[in-house]
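Worksheet for the structure shown next.
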Amino acid sequence: MSESELGRKWDRCLADAVVKIGTGFGLGIVFSLTFFKRRMWPLAFGSGMGLGMAYSNCQHDFQAPYLLHGKYVKDQEQ
Amino acid sequence: MRGECVLSDSGQEAPRNTWFLGWKASRMFLIKGSVAGGAVYLVYDQELLGPSDKSQAALQKAGEVVPPAMYQFSQYVCQQTGLQIPQLPAPPKIYFPIRDSWNAGIMTVMSALSVAPSKAREYSKEGWEYVKARIK
């Protein structure tokens, strides 16, 4: 993996983390105000979910070049 | 009076107050459900919780759309209220190459560690020679 490609992946990871944490936080605010009587736990739950999703995406993005994709080939009976 | 039961023609009690409260609560639930459902649909439609490249594109799009919208909103507020919102100065562009500084720091530390034994030997030798000269 070249330096530029690594830098692009890091940029993508950071942007993804910002968007996902913000989205989770925003959804947590909406649900806290509408259904959960202005409690704090929906905000923490949403932010945590967004962080976890961003981490998973980043992990998959960085491990992608090293993952081998194989497929099963059935033995053909002659 | 509140909570007063009104007898209908059939003779059964028809509590008017509870029916009204039930309708009000269901209407509030519908409004809240609509707001929450709209937020969830917006997130699904914009693919904000999807792949990372879609999120990056959404962030870039927001960075292009939000500042002009904020500027237009401030202009609208100025026109309607007559208030003059002061223009914030442009943020200073700071160029600090963290990667180069980090790499230079690592190389400096490692080179210092590599020459540390020979330098320590040299300095201790010089110090011993100085002490010997002073004693004589």
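If you're wondering about the labels, chains in the structure tokens are A, B, ... by order shown, residues count from 1 in each chain, ligands from 1 in order shown.
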Checklist entry - Any idea which chain B residues end up within 10 Å of chain A if we count only C-alpha atoms, as number ranges by chain please? => result B: 28-29, 31-37, 39-40, 43, 48-60
Checklist entry - Can you list, as a ChimeraX atom specification, every residue of chain B that DSSP puts in helix (DSSP H, G or I)? => result /B:16-45,52-81,98-135
Checklist entry - How many Å separate atom CA of Ile94 of chain B from atom CA of Met110 of chain B? => result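 Here the two named atoms are 28.5 Å from each other.
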